[in-house]
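A.B. asks: One file: data30.csv (CSV, C-alpha atoms and all ligand atoms).
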chain,number,residue,atom,x,y,z
A,24,MET,CA,35.5,51.8,-25.7
A,25,LYS,CA,37.9,53.9,-23.7
A,26,TYR,CA,39.3,52.9,-20.3
A,27,ASP,CA,37.5,55.7,-18.4
A,28,ALA,CA,34.1,54.7,-19.8
A,29,LEU,CA,34.8,51.0,-18.9
A,30,MET,CA,35.9,52.1,-15.4
A,31,ALA,CA,32.6,54.0,-15.0
A,32,LEU,CA,30.7,50.8,-15.9
A,33,TYR,CA,32.9,48.8,-13.5
A,34,GLU,CA,32.0,51.1,-10.7
A,35,MET,CA,28.3,50.9,-11.2
A,36,PRO,CA,26.2,48.9,-8.7
A,37,PHE,CA,26.0,45.3,-9.8
A,38,PHE,CA,22.3,45.3,-10.7
A,39,ASP,CA,22.5,48.5,-12.6
A,40,LEU,CA,25.4,47.2,-14.6
A,41,ILE,CA,23.7,43.9,-15.5
A,42,SER,CA,20.5,45.7,-16.4
A,43,GLN,CA,22.4,47.9,-18.8
A,44,SER,CA,24.3,44.9,-20.4
A,45,ARG,CA,21.0,43.0,-20.6
A,46,LYS,CA,19.6,45.9,-22.6
A,47,VAL,CA,22.5,45.8,-25.0
A,48,TYR,CA,22.2,42.1,-25.3
A,49,LEU,CA,18.5,42.4,-26.2
A,50,GLU,CA,19.2,45.1,-28.8
A,51,ASN,CA,21.7,42.9,-30.5
A,52,TRP,CA,20.7,39.3,-29.8
A,53,GLU,CA,17.0,39.0,-29.4
A,54,ASN,CA,16.7,35.3,-29.5
A,55,ASN,CA,17.8,33.8,-26.1
A,56,GLU,CA,20.2,31.5,-28.0
A,57,VAL,CA,23.4,30.0,-26.8
A,58,GLN,CA,26.0,28.7,-29.1
A,59,LEU,CA,27.6,25.4,-28.2
A,60,CYS,CA,31.2,25.0,-29.1
A,61,THR,CA,33.2,21.8,-28.8
A,62,LEU,CA,36.9,22.1,-28.0
A,63,LEU,CA,39.5,19.5,-29.0
A,64,SER,CA,43.1,19.5,-28.2
A,65,ILE,CA,44.7,18.1,-31.4
A,66,LYS,CA,48.2,18.4,-30.1
A,67,THR,CA,48.6,18.3,-26.3
A,68,GLY,CA,51.5,19.4,-24.0
A,69,GLY,CA,55.2,19.9,-24.5
A,70,CYS,CA,54.8,23.6,-25.4
A,71,SER,CA,58.0,25.7,-25.5
A,72,GLU,CA,56.2,28.7,-24.0
A,73,ASP,CA,56.1,29.6,-20.3
A,74,CYS,CA,52.5,30.9,-19.9
A,75,SER,CA,52.2,30.6,-16.1
A,76,TYR,CA,48.6,29.4,-16.1
A,77,CYS,CA,49.0,26.6,-18.7
A,78,ALA,CA,49.3,22.9,-17.9
A,79,GLN,CA,50.6,22.3,-21.4
A,80,SER,CA,53.9,24.2,-21.0
A,81,ALA,CA,56.9,21.9,-21.1
A,82,ARG,CA,58.4,24.0,-18.3
A,83,TYR,CA,56.0,22.8,-15.6
A,84,ASN,CA,55.3,19.3,-14.2
A,85,SER,CA,51.5,19.5,-14.5
A,86,GLY,CA,51.1,15.8,-15.1
A,87,VAL,CA,49.7,16.4,-18.6
A,88,GLN,CA,50.9,13.7,-21.0
A,89,VAL,CA,52.6,15.0,-24.1
A,90,GLU,CA,50.8,13.7,-27.2
A,91,ARG,CA,51.6,14.0,-30.9
A,92,LEU,CA,49.3,15.7,-33.4
A,93,MET,CA,46.2,13.7,-33.8
A,94,GLU,CA,45.4,11.7,-37.0
A,95,LYS,CA,42.9,13.3,-39.3
A,96,GLU,CA,40.4,10.5,-39.0
A,97,ALA,CA,40.4,10.6,-35.2
A,98,VAL,CA,39.8,14.4,-35.3
A,99,MET,CA,37.0,13.9,-37.8
A,100,GLU,CA,35.3,11.4,-35.6
A,101,ARG,CA,35.3,13.9,-32.7
A,102,ALA,CA,34.1,16.7,-35.0
A,103,ARG,CA,31.2,14.6,-36.3
A,104,ALA,CA,30.2,13.6,-32.7
A,105,ALA,CA,30.3,17.4,-31.8
A,106,ARG,CA,27.9,18.2,-34.6
A,107,GLU,CA,25.6,15.3,-33.6
A,108,THR,CA,25.4,16.6,-30.0
A,109,GLY,CA,24.4,20.1,-31.2
A,110,SER,CA,27.7,22.1,-31.5
A,111,THR,CA,27.8,24.7,-34.3
A,112,ARG,CA,31.4,25.4,-33.7
A,113,PHE,CA,34.4,23.1,-33.5
A,114,CYS,CA,37.6,24.6,-32.0
A,115,MET,CA,40.9,22.8,-32.4
A,116,GLY,CA,43.8,23.8,-30.1
A,117,ALA,CA,47.5,23.0,-30.4
A,118,ALA,CA,50.1,23.5,-27.7
A,119,TRP,CA,52.5,25.3,-29.9
A,120,ARG,CA,54.3,28.6,-29.8
A,121,GLY,CA,53.1,29.0,-33.4
A,122,VAL,CA,53.0,27.5,-36.9
A,123,ARG,CA,55.2,28.0,-39.9
A,124,GLY,CA,54.3,27.4,-43.6
A,125,GLY,CA,56.3,24.6,-45.3
A,126,THR,CA,56.5,22.4,-42.2
A,127,LYS,CA,55.1,18.9,-42.0
A,128,ARG,CA,52.9,19.7,-39.0
A,129,PHE,CA,51.4,22.8,-40.6
A,130,ASP,CA,50.5,20.8,-43.8
A,131,GLN,CA,48.9,18.2,-41.6
A,132,VAL,CA,46.8,20.7,-39.7
A,133,VAL,CA,45.7,22.3,-43.0
A,134,ASP,CA,44.7,18.9,-44.2
A,135,ILE,CA,42.6,18.3,-41.1
A,136,ILE,CA,41.0,21.8,-41.3
A,137,LYS,CA,40.0,21.1,-45.0
A,138,ASP,CA,38.0,18.0,-44.0
A,139,VAL,CA,36.5,19.5,-40.8
A,140,SER,CA,35.3,22.5,-42.7
A,141,THR,CA,33.0,20.2,-44.8
A,142,LEU,CA,30.9,19.3,-41.8
A,143,GLY,CA,28.8,22.4,-41.6
A,144,MET,CA,30.1,23.9,-38.4
A,145,GLU,CA,32.2,27.1,-37.8
A,146,VAL,CA,35.8,26.0,-37.7
A,147,CYS,CA,38.0,27.7,-35.1
A,148,VAL,CA,41.7,27.0,-34.5
A,149,THR,CA,44.2,28.2,-31.9
A,150,LEU,CA,47.7,27.3,-33.0
A,151,GLY,CA,49.7,30.1,-31.5
A,152,GLU,CA,51.7,32.7,-33.5
A,153,LEU,CA,50.9,33.2,-37.2
A,154,GLY,CA,52.5,35.1,-40.0
A,155,PRO,CA,50.5,36.6,-42.9
A,156,GLU,CA,51.2,33.6,-45.2
A,157,GLU,CA,50.1,31.1,-42.7
A,158,ALA,CA,47.0,33.1,-41.9
A,159,LYS,CA,46.1,33.1,-45.6
A,160,THR,CA,46.6,29.4,-45.9
A,161,LEU,CA,44.4,28.7,-42.9
A,162,LYS,CA,41.6,31.0,-44.3
A,163,GLU,CA,41.8,29.2,-47.6
A,164,ALA,CA,41.6,25.8,-45.9
A,165,GLY,CA,38.3,26.7,-44.3
A,166,VAL,CA,39.1,28.3,-40.9
A,167,THR,CA,36.3,30.7,-40.0
A,168,ALA,CA,37.8,32.1,-36.7
A,169,TYR,CA,41.2,32.2,-35.2
A,170,ASN,CA,41.4,32.1,-31.4
A,171,HIS,CA,44.3,34.1,-30.0
A,172,ASN,CA,43.7,35.6,-26.5
A,173,LEU,CA,45.4,38.7,-25.1
A,174,ASP,CA,44.7,37.1,-21.7
A,175,THR,CA,45.4,40.2,-19.6
A,176,SER,CA,46.6,43.8,-19.9
A,177,ARG,CA,49.8,44.8,-21.7
A,178,GLU,CA,51.2,45.8,-18.3
A,179,HIS,CA,50.5,42.6,-16.5
A,180,TYR,CA,51.4,40.3,-19.5
A,181,PRO,CA,55.1,40.1,-18.7
A,182,ASN,CA,54.3,38.8,-15.2
A,183,ILE,CA,52.4,35.9,-16.8
A,184,VAL,CA,54.4,35.1,-19.9
A,185,THR,CA,58.1,35.9,-20.8
A,186,THR,CA,58.7,33.8,-23.9
A,187,HIS,CA,56.6,36.0,-26.2
A,188,THR,CA,55.2,39.5,-26.0
A,189,TYR,CA,51.9,41.4,-26.1
A,190,ASP,CA,52.9,42.8,-29.4
A,191,ASP,CA,53.5,39.3,-30.7
A,192,ARG,CA,50.0,38.5,-29.8
A,193,LEU,CA,48.6,41.6,-31.4
A,194,SER,CA,50.5,41.0,-34.7
A,195,THR,CA,49.1,37.5,-35.0
A,196,ILE,CA,45.6,38.9,-34.5
A,197,LYS,CA,46.3,41.4,-37.2
A,198,HIS,CA,47.5,38.8,-39.6
A,199,ALA,CA,44.4,36.7,-38.9
A,200,GLN,CA,42.1,39.6,-39.6
A,201,GLU,CA,44.0,40.7,-42.7
A,202,ALA,CA,43.6,37.2,-44.1
A,203,GLY,CA,39.8,37.5,-43.7
A,204,MET,CA,39.4,35.2,-40.7
A,205,SER,CA,37.2,36.3,-37.8
A,206,VAL,CA,39.0,36.7,-34.5
A,207,CYS,CA,38.2,35.1,-31.2
A,208,CYS,CA,40.0,37.1,-28.6
A,209,GLY,CA,39.5,37.3,-24.9
A,210,GLY,CA,41.3,36.6,-21.6
A,211,ILE,CA,41.5,35.0,-18.3
A,212,LEU,CA,40.4,36.3,-15.0
A,213,GLY,CA,42.3,35.4,-11.8
A,214,LEU,CA,45.9,35.8,-12.9
A,215,GLY,CA,46.6,38.1,-10.0
A,216,GLU,CA,45.6,41.1,-12.1
A,217,THR,CA,43.8,44.3,-10.9
A,218,ALA,CA,40.5,45.6,-12.0
A,219,GLU,CA,42.5,48.1,-14.1
A,220,ASP,CA,44.3,45.3,-15.9
A,221,ARG,CA,40.9,43.7,-16.8
A,222,LEU,CA,39.5,46.9,-18.1
A,223,LYS,CA,42.7,47.7,-20.1
A,224,MET,CA,42.4,44.3,-21.8
A,225,ILE,CA,38.8,45.0,-22.7
A,226,GLU,CA,39.8,48.4,-23.9
A,227,THR,CA,42.3,46.9,-26.3
A,228,ILE,CA,39.9,44.2,-27.5
A,229,SER,CA,37.0,46.6,-28.0
A,230,GLU,CA,39.2,49.1,-29.9
A,231,MET,CA,40.2,46.5,-32.5
A,232,SER,CA,39.0,47.2,-36.0
A,233,PRO,CA,37.0,45.1,-36.7
A,234,GLN,CA,36.0,44.1,-33.3
A,235,PRO,CA,36.5,40.4,-32.5
A,236,GLU,CA,33.6,38.1,-33.6
A,237,SER,CA,33.9,36.4,-30.2
A,238,VAL,CA,35.3,37.1,-26.8
A,239,PRO,CA,36.0,34.2,-24.5
A,240,ILE,CA,36.0,35.0,-20.8
A,241,ASN,CA,38.0,32.3,-19.0
A,242,SER,CA,38.4,32.0,-15.3
A,243,LEU,CA,41.7,30.6,-14.2
A,244,MET,CA,41.6,26.9,-13.6
A,245,PRO,CA,44.7,26.6,-11.3
A,246,MET,CA,46.7,23.7,-12.8
A,247,PRO,CA,48.9,21.6,-10.5
A,248,GLY,CA,52.6,22.3,-11.1
A,249,THR,CA,52.1,25.7,-12.8
A,250,PRO,CA,53.3,28.9,-11.0
A,251,LEU,CA,49.6,29.9,-10.6
A,252,GLU,CA,48.7,26.6,-9.0
A,253,GLY,CA,47.7,28.2,-5.6
A,254,LYS,CA,45.9,31.2,-6.9
A,255,ASP,CA,42.6,32.1,-5.3
A,256,PRO,CA,39.6,31.5,-7.5
A,257,VAL,CA,37.7,34.5,-8.9
A,258,THR,CA,34.2,35.0,-7.7
A,259,VAL,CA,31.3,34.5,-10.0
A,260,PHE,CA,30.3,38.1,-9.4
A,261,ASP,CA,33.7,39.2,-10.9
A,262,VAL,CA,33.0,37.0,-13.9
A,263,VAL,CA,29.4,38.4,-14.4
A,264,ARG,CA,30.7,41.9,-14.1
A,265,MET,CA,33.3,41.3,-16.8
A,266,ILE,CA,30.8,39.6,-19.0
A,267,ALA,CA,28.5,42.5,-18.7
A,268,ILE,CA,31.2,45.0,-19.5
A,269,THR,CA,32.3,42.9,-22.5
A,270,ARG,CA,28.8,42.7,-23.7
A,271,ILE,CA,28.5,46.5,-23.6
A,272,ALA,CA,31.9,47.2,-25.1
A,273,VAL,CA,31.7,44.6,-27.9
A,274,PRO,CA,27.9,44.3,-28.5
A,275,LYS,CA,28.0,42.2,-31.6
A,276,ALA,CA,30.4,39.6,-30.3
A,277,LYS,CA,29.6,36.2,-29.0
A,278,VAL,CA,30.6,36.5,-25.4
A,279,ARG,CA,31.7,33.0,-24.5
A,280,LEU,CA,31.6,31.9,-20.9
A,281,SER,CA,34.7,29.7,-21.1
A,282,ALA,CA,37.1,27.9,-18.7
A,283,GLY,CA,36.2,27.7,-15.1
A,284,ARG,CA,32.5,26.9,-15.3
A,285,THR,CA,33.0,23.8,-13.1
A,286,HIS,CA,33.6,26.1,-10.2
A,287,PHE,CA,30.4,28.1,-10.6
A,288,SER,CA,26.9,27.2,-9.5
A,289,ASP,CA,24.0,27.0,-11.9
A,290,GLU,CA,22.7,30.2,-10.4
A,291,GLY,CA,26.1,32.0,-11.0
A,292,GLN,CA,26.1,30.8,-14.6
A,293,ALA,CA,22.5,31.9,-15.0
A,294,LEU,CA,23.6,35.4,-14.0
A,295,CYS,CA,26.4,35.2,-16.7
A,296,PHE,CA,23.8,34.4,-19.4
A,297,PHE,CA,21.5,37.2,-18.1
A,298,ALA,CA,24.5,39.7,-18.3
A,299,GLY,CA,25.0,38.8,-21.9
A,300,ALA,CA,27.0,35.6,-22.3
A,301,ASN,CA,25.7,33.7,-25.4
A,302,SER,CA,28.1,30.9,-26.0
A,303,ILE,CA,29.8,28.1,-24.0
A,304,PHE,CA,32.3,25.4,-24.5
A,305,TYR,CA,30.3,22.2,-24.4
A,306,GLY,CA,31.6,18.7,-23.6
A,307,ASP,CA,33.1,17.1,-20.5
A,308,LYS,CA,36.6,18.4,-21.3
A,309,LEU,CA,38.2,21.7,-22.4
A,310,LEU,CA,41.7,21.1,-23.7
A,311,THR,CA,43.2,19.3,-20.7
A,312,ALA,CA,40.9,20.5,-17.9
A,313,LYS,CA,37.4,19.6,-16.8
A,314,ASN,CA,34.2,21.1,-18.1
A,315,PRO,CA,30.6,20.4,-16.9
A,316,ALA,CA,29.0,17.2,-18.1
A,317,VAL,CA,26.9,17.5,-21.2
A,318,LYS,CA,23.7,16.4,-19.4
A,319,LYS,CA,24.2,19.0,-16.7
A,320,ASP,CA,24.6,21.8,-19.3
A,321,MET,CA,21.5,20.7,-21.2
A,322,ASP,CA,19.5,20.7,-18.0
A,323,LEU,CA,20.8,24.1,-17.1
A,324,LEU,CA,19.9,25.6,-20.4
A,325,ALA,CA,16.5,24.0,-20.4
A,326,SER,CA,15.7,25.2,-16.9
A,327,LEU,CA,16.5,28.8,-18.1
A,328,GLY,CA,14.5,28.5,-21.3
A,329,LEU,CA,17.6,29.1,-23.4
A,330,LYS,CA,17.7,27.6,-26.8
A,331,THR,CA,20.8,26.3,-28.4
A,332,GLN,CA,21.9,27.7,-31.8
A,333,ALA,CA,20.5,25.6,-34.6
A,334,PRO,CA,22.8,23.9,-37.1
A,335,PHE,CA,23.7,26.0,-40.1
A,336,THR,CA,21.7,25.4,-43.2
A,337,ASP,CA,23.8,27.3,-45.8
A,338,VAL,CA,27.1,25.4,-45.3
A,339,GLU,CA,28.9,27.3,-48.1
A,340,ASN,CA,28.5,30.6,-46.3
A,341,ILE,CA,29.6,29.8,-42.8
A,342,GLY,CA,31.7,32.5,-41.4
A,343,SER,CA,31.3,34.6,-44.6
A,344,GLY,CA,29.3,37.4,-42.8
A,345,LYS,CA,26.3,36.6,-44.9
A,346,CYS,CA,23.1,35.6,-43.0
A,347,LEU,CA,22.9,31.9,-42.9
A,348,GLN,CA,19.3,31.6,-41.7
A,349,ASN,CA,17.7,33.9,-44.2
A,350,GLU,CA,19.2,33.9,-47.6
A,351,GLU,CA,17.7,37.2,-48.6
A,352,GLU,CA,19.5,39.1,-45.8
A,353,GLU,CA,22.8,40.4,-47.0
A,354,THR,CA,23.8,41.6,-43.5
A,355,LEU,CA,24.4,39.6,-40.3
A,356,CYS,CA,21.2,38.6,-38.5
A,357,ASN,CA,21.2,38.1,-34.8
A,358,THR,CA,21.5,34.4,-35.1
A,359,CYS,CA,24.6,34.6,-37.3
A,360,GLY,CA,26.2,37.2,-35.3
B,1,LIG,N1,49.0,27.8,-27.8
B,1,LIG,C1,47.9,28.6,-28.2
B,1,LIG,C2,47.9,30.0,-27.6
B,1,LIG,O1,48.6,30.2,-26.6
B,1,LIG,O2,47.2,30.9,-28.1
B,1,LIG,C3,46.6,28.0,-28.0
B,1,LIG,C4,46.2,27.2,-26.8
B,1,LIG,S1,46.0,28.1,-25.3
B,1,LIG,C5,45.8,26.8,-24.2
B,1,LIG,C6,44.4,28.9,-25.4
B,1,LIG,C7,43.9,29.7,-24.3
B,1,LIG,O3,43.4,28.9,-23.2
B,1,LIG,C8,44.9,30.6,-23.5
B,1,LIG,O4,45.1,31.8,-24.2
B,1,LIG,C9,44.1,30.9,-22.3
B,1,LIG,O5,43.2,32.0,-22.4
B,1,LIG,C10,43.3,29.6,-22.1
B,1,LIG,N2,43.8,28.8,-20.9
B,1,LIG,C11,44.9,28.0,-20.9
B,1,LIG,N3,45.0,27.5,-19.7
B,1,LIG,C12,44.1,28.0,-18.9
B,1,LIG,C13,43.7,27.8,-17.5
B,1,LIG,N4,44.5,27.0,-16.7
B,1,LIG,N5,42.7,28.4,-17.0
B,1,LIG,C14,41.9,29.2,-17.8
B,1,LIG,N6,42.2,29.4,-19.1
B,1,LIG,C15,43.3,28.8,-19.7
B,2,LIG,C1,39.7,29.9,-24.8
B,2,LIG,O1,39.7,31.1,-24.6
B,2,LIG,N1,39.5,29.0,-23.9
B,2,LIG,C2,39.7,27.7,-24.4
B,2,LIG,C3,39.9,27.9,-25.9
B,2,LIG,N2,40.0,29.4,-26.0
B,2,LIG,C4,41.0,27.3,-26.6
B,2,LIG,C5,40.7,26.9,-23.7
B,2,LIG,C6,40.5,26.8,-22.2
B,2,LIG,C7,41.6,25.9,-21.7
B,2,LIG,C8,41.4,25.6,-20.2
B,2,LIG,C9,42.6,24.8,-19.7
B,2,LIG,C10,42.8,23.5,-20.2
B,2,LIG,O2,41.9,22.8,-20.7
B,2,LIG,O3,44.0,23.1,-20.2
B,3,LIG,FE1,51.8,27.0,-25.1
B,3,LIG,FE2,49.4,28.2,-25.6
B,3,LIG,FE3,49.9,27.0,-23.2
B,3,LIG,FE4,51.1,29.2,-23.7
B,3,LIG,S1,48.9,29.0,-23.5
B,3,LIG,S2,52.1,27.4,-22.9
B,3,LIG,S3,51.5,29.1,-25.9
B,3,LIG,S4,49.8,26.0,-25.2
Give the structure from this file in structure tokens form.
Ligand code: SAM
Ligand code: DTB
Ligand code: SF4

C.D. replies:
Amino acid sequence: MKYDALMALYEMPFFDLISQSRKVYLENWENNEVQLCTLLSIKTGGCSEDCSYCAQSARYNSGVQVERLMEKEAVMERARAARETGSTRFCMGAAWRGVRGGTKRFDQVVDIIKDVSTLGMEVCVTLGELGPEEAKTLKEAGVTAYNHNLDTSREHYPNIVTTHTYDDRLSTIKHAQEAGMSVCCGGILGLGETAEDRLKMIETISEMSPQPESVPINSLMPMPGTPLEGKDPVTVFDVVRMIAITRIAVPKAKVRLSAGRTHFSDEGQALCFFAGANSIFYGDKLLTAKNPAVKKDMDLLASLGLKTQAPFTDVENIGSGKCLQNEEEETLCNTCG
């Protein structure tokens, strides 16, 4: 969707905008279902990059303890627990600039992915930069979606990160898509960007072909010791507005209400779901930062009459684009996205 059309949405009165996005949500996702995704940081801290929001960059004293790549069995334990508590997607993050084939750490991650992919959940990884070969290997190992965020507009990006470029991000996304993985690509609100930057980011995301399978909308969690430590928090209305615009611009994507939920009231989050968010990160911790407690989220969803996405039954076809709920359907149903 083009910038001018996005700006027209942005300028609409709040209630008109969320009524429109609700309509788009109902046309595409009629089941009041929210996907629960569990995040696990499999390699924490010590990252070479200078992303100014990130507690895992080695350049800032954020207090995050550097940890080695987790052992496969420890990851599997967390993945099984995620499945048991209702998650249908398991997302593993690593604080790396990127991965390269032929290295020990890449082989180790591939080995972990192969086992996690047997558990019947979508498998998402976010490992930084990828070349075409690495992308192919990840796909073959069982990754269903690759998370690589644009985070902000091309114009604002150099104010936030200087150790890699916007084009680097876009080529990784292209490699992931060419290898047949779905892409999870979104951004962060609250990096000192303007409304124009937010809309330019959504323009770039919505113009991707194919469009991303999921779009995480993060709100900056200002991390101690990072350059963005003192930034003012975004308002929940800004978040709702961007979720609504994302829902309209990328109608078939899971729009994931991501980092920052601990700063929002239940009522604010309810507005996010109304506007079209249909996925959350679930579990007390994100990668290094806090997330609402499991019981609190369960109570919130129950009080809104929202169901959680049911476990997949056709494990072989997770992420294949084939309907997993109704075997006779060849196209994606609303549940499968
Ligand atoms: N190293 C990989 C990369 O940069 O793509 C993967 C990990 S990185 C932590 C994944 C995403 O988490 C970032 O792109 C950003 O959108 C989000 N994120 C990181 N720190 C955050 C913070 N303090 N507040 C909100 N979102 C954050
Ligand atoms: C995404 O867009 N948000 C998640 C996931 N993808 C990897 C990460 C949020 C990280 C929040 C800060 C932290 O936990 O350090
Ligand atoms: Fe490293 Fe990713 Fe954090 Fe940037 S966002 S410092 S690449 S872990």

A.B. asks: Smallest atom-to-atom distance to Met144 in chain A: which of A:Glu226, A:Asp322, A:Glu94, A:Glu107, using only C-alpha atoms?

C.D. replies: A:Glu107

A.B. asks: Quick one: which chain A residues come within 8 Å of ligand LIG 2 (chain B), and what is the nearest atom pair for each with the distance in Å to one decimal, counting all atoms listed in the file, rows ordered by chain and ascending number, as JSON lines?

C.D. replies:
{"residue": "A:Leu62", "atom": "CA", "partner": "B:LIG2", "partner_atom": "C4", "distance": 6.8}
{"residue": "A:Cys77", "atom": "CA", "partner": "B:LIG2", "partner_atom": "O3", "distance": 6.3}
{"residue": "A:Ala78", "atom": "CA", "partner": "B:LIG2", "partner_atom": "O3", "distance": 5.8}
{"residue": "A:Gln79", "atom": "CA", "partner": "B:LIG2", "partner_atom": "O3", "distance": 6.8}
{"residue": "A:Cys114", "atom": "CA", "partner": "B:LIG2", "partner_atom": "C4", "distance": 6.9}
{"residue": "A:Met115", "atom": "CA", "partner": "B:LIG2", "partner_atom": "C4", "distance": 7.3}
{"residue": "A:Gly116", "atom": "CA", "partner": "B:LIG2", "partner_atom": "C4", "distance": 5.7}
{"residue": "A:Val148", "atom": "CA", "partner": "B:LIG2", "partner_atom": "C4", "distance": 7.9}
{"residue": "A:Thr149", "atom": "CA", "partner": "B:LIG2", "partner_atom": "C4", "distance": 6.3}
{"residue": "A:Asn170", "atom": "CA", "partner": "B:LIG2", "partner_atom": "N2", "distance": 6.2}
{"residue": "A:His171", "atom": "CA", "partner": "B:LIG2", "partner_atom": "N2", "distance": 7.5}
{"residue": "A:Asn172", "atom": "CA", "partner": "B:LIG2", "partner_atom": "O1", "distance": 6.3}
{"residue": "A:Cys207", "atom": "CA", "partner": "B:LIG2", "partner_atom": "O1", "distance": 7.9}
{"residue": "A:Cys208", "atom": "CA", "partner": "B:LIG2", "partner_atom": "O1", "distance": 7.2}
{"residue": "A:Gly209", "atom": "CA", "partner": "B:LIG2", "partner_atom": "O1", "distance": 6.2}
{"residue": "A:Gly210", "atom": "CA", "partner": "B:LIG2", "partner_atom": "O1", "distance": 6.5}
{"residue": "A:Ile211", "atom": "CA", "partner": "B:LIG2", "partner_atom": "O1", "distance": 7.6}
{"residue": "A:Val238", "atom": "CA", "partner": "B:LIG2", "partner_atom": "O1", "distance": 7.8}
{"residue": "A:Pro239", "atom": "CA", "partner": "B:LIG2", "partner_atom": "O1", "distance": 4.8}
{"residue": "A:Ile240", "atom": "CA", "partner": "B:LIG2", "partner_atom": "O1", "distance": 6.6}
{"residue": "A:Asn241", "atom": "CA", "partner": "B:LIG2", "partner_atom": "O1", "distance": 6.0}
{"residue": "A:Leu243", "atom": "CA", "partner": "B:LIG2", "partner_atom": "C8", "distance": 7.8}
{"residue": "A:Met244", "atom": "CA", "partner": "B:LIG2", "partner_atom": "C9", "distance": 6.5}
{"residue": "A:Met246", "atom": "CA", "partner": "B:LIG2", "partner_atom": "O3", "distance": 7.9}
{"residue": "A:Ser281", "atom": "CA", "partner": "B:LIG2", "partner_atom": "N1", "distance": 5.6}
{"residue": "A:Ala282", "atom": "CA", "partner": "B:LIG2", "partner_atom": "C6", "distance": 5.0}
{"residue": "A:Gly283", "atom": "CA", "partner": "B:LIG2", "partner_atom": "C8", "distance": 7.6}
{"residue": "A:Phe304", "atom": "CA", "partner": "B:LIG2", "partner_atom": "C2", "distance": 7.7}
{"residue": "A:Lys308", "atom": "CA", "partner": "B:LIG2", "partner_atom": "O2", "distance": 6.9}
{"residue": "A:Leu309", "atom": "CA", "partner": "B:LIG2", "partner_atom": "O2", "distance": 4.2}
{"residue": "A:Leu310", "atom": "CA", "partner": "B:LIG2", "partner_atom": "O2", "distance": 3.5}
{"residue": "A:Thr311", "atom": "CA", "partner": "B:LIG2", "partner_atom": "O2", "distance": 3.7}
{"residue": "A:Ala312", "atom": "CA", "partner": "B:LIG2", "partner_atom": "O2", "distance": 3.8}
{"residue": "A:Lys313", "atom": "CA", "partner": "B:LIG2", "partner_atom": "O2", "distance": 6.8}

A.B. asks: I want to know what sits within 7 Å of range 262-275 of chain A, based on all atoms listed in the file, with residues of the same chain fewer than 4 positions away left out; could you give that as a PyMOL selection string?

C.D. replies: chain A and resi 24+32+40-41+44+47-48+51+225+229+234+258+294-295+298-300+360

A.B. asks: Filtering to C-alpha atoms, could you give me those residues as a PDB file, in the frame of the given file?

C.D. replies:
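Dumped everything to out-v5.pdb:
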ATOM      1  CA  MET A  24      35.500  51.800 -25.700  1.00  0.00           C
ATOM      2  CA  LEU A  32      30.700  50.800 -15.900  1.00  0.00           C
ATOM      3  CA  LEU A  40      25.400  47.200 -14.600  1.00  0.00           C
ATOM      4  CA  ILE A  41      23.700  43.900 -15.500  1.00  0.00           C
ATOM      5  CA  SER A  44      24.300  44.900 -20.400  1.00  0.00           C
ATOM      6  CA  VAL A  47      22.500  45.800 -25.000  1.00  0.00           C
ATOM      7  CA  TYR A  48      22.200  42.100 -25.300  1.00  0.00           C
ATOM      8  CA  ASN A  51      21.700  42.900 -30.500  1.00  0.00           C
ATOM      9  CA  ILE A 225      38.800  45.000 -22.700  1.00  0.00           C
ATOM     10  CA  SER A 229      37.000  46.600 -28.000  1.00  0.00           C
ATOM     11  CA  GLN A 234      36.000  44.100 -33.300  1.00  0.00           C
ATOM     12  CA  THR A 258      34.200  35.000  -7.700  1.00  0.00           C
ATOM     13  CA  LEU A 294      23.600  35.400 -14.000  1.00  0.00           C
ATOM     14  CA  CYS A 295      26.400  35.200 -16.700  1.00  0.00           C
ATOM     15  CA  ALA A 298      24.500  39.700 -18.300  1.00  0.00           C
ATOM     16  CA  GLY A 299      25.000  38.800 -21.900  1.00  0.00           C
ATOM     17  CA  ALA A 300      27.000  35.600 -22.300  1.00  0.00           C
ATOM     18  CA  GLY A 360      26.200  37.200 -35.300  1.00  0.00           C
TER      19      GLY A 360
END

A.B. asks: Choose the residue, out of A:Asp73, A:Glu219, A:Asp138, A:Glu157, that has the smallest atom-to-atom separation from ligand LIG 1 (chain B); count only C-alpha atoms and all ligand atoms.

C.D. replies: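 That would be A:Asp73, the residue with the smallest distance to ligand LIG 1 (chain B).
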
A.B. asks: Select all residues near (52.5, 32.9, -35.1) (cut-off 6 Å, inclusive, file coordinates), counting all atoms listed in the file, and output them as a list in words.

C.D. replies: Gly121, Val122, Gly151, Glu152, Leu153, Gly154 and Thr195 of chain A

A.B. asks: One number please: CA of Lys319 in chain A to CA of Phe296 in chain A, in Å, one decimal.

C.D. replies: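 Atom-to-atom, CA of Lys319 in chain A and CA of Phe296 in chain A are spaced 15.6 Å apart.
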
A.B. asks: Atom FE4 of ligand LIG 3 (chain B) and CA of Glu145 in chain A, how far apart in Å?

C.D. replies: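 According to the coordinates, CA of Glu145 in chain A and atom FE4 of ligand LIG 3 (chain B) are separated by 23.7 Å.
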
A.B. asks: Can you work out the spacing between CA of Ala102 in chain A and CA of Val133 in chain A in Å, to one decimal?

C.D. replies: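 CA of Val133 in chain A lies 15.2 Å from CA of Ala102 in chain A.
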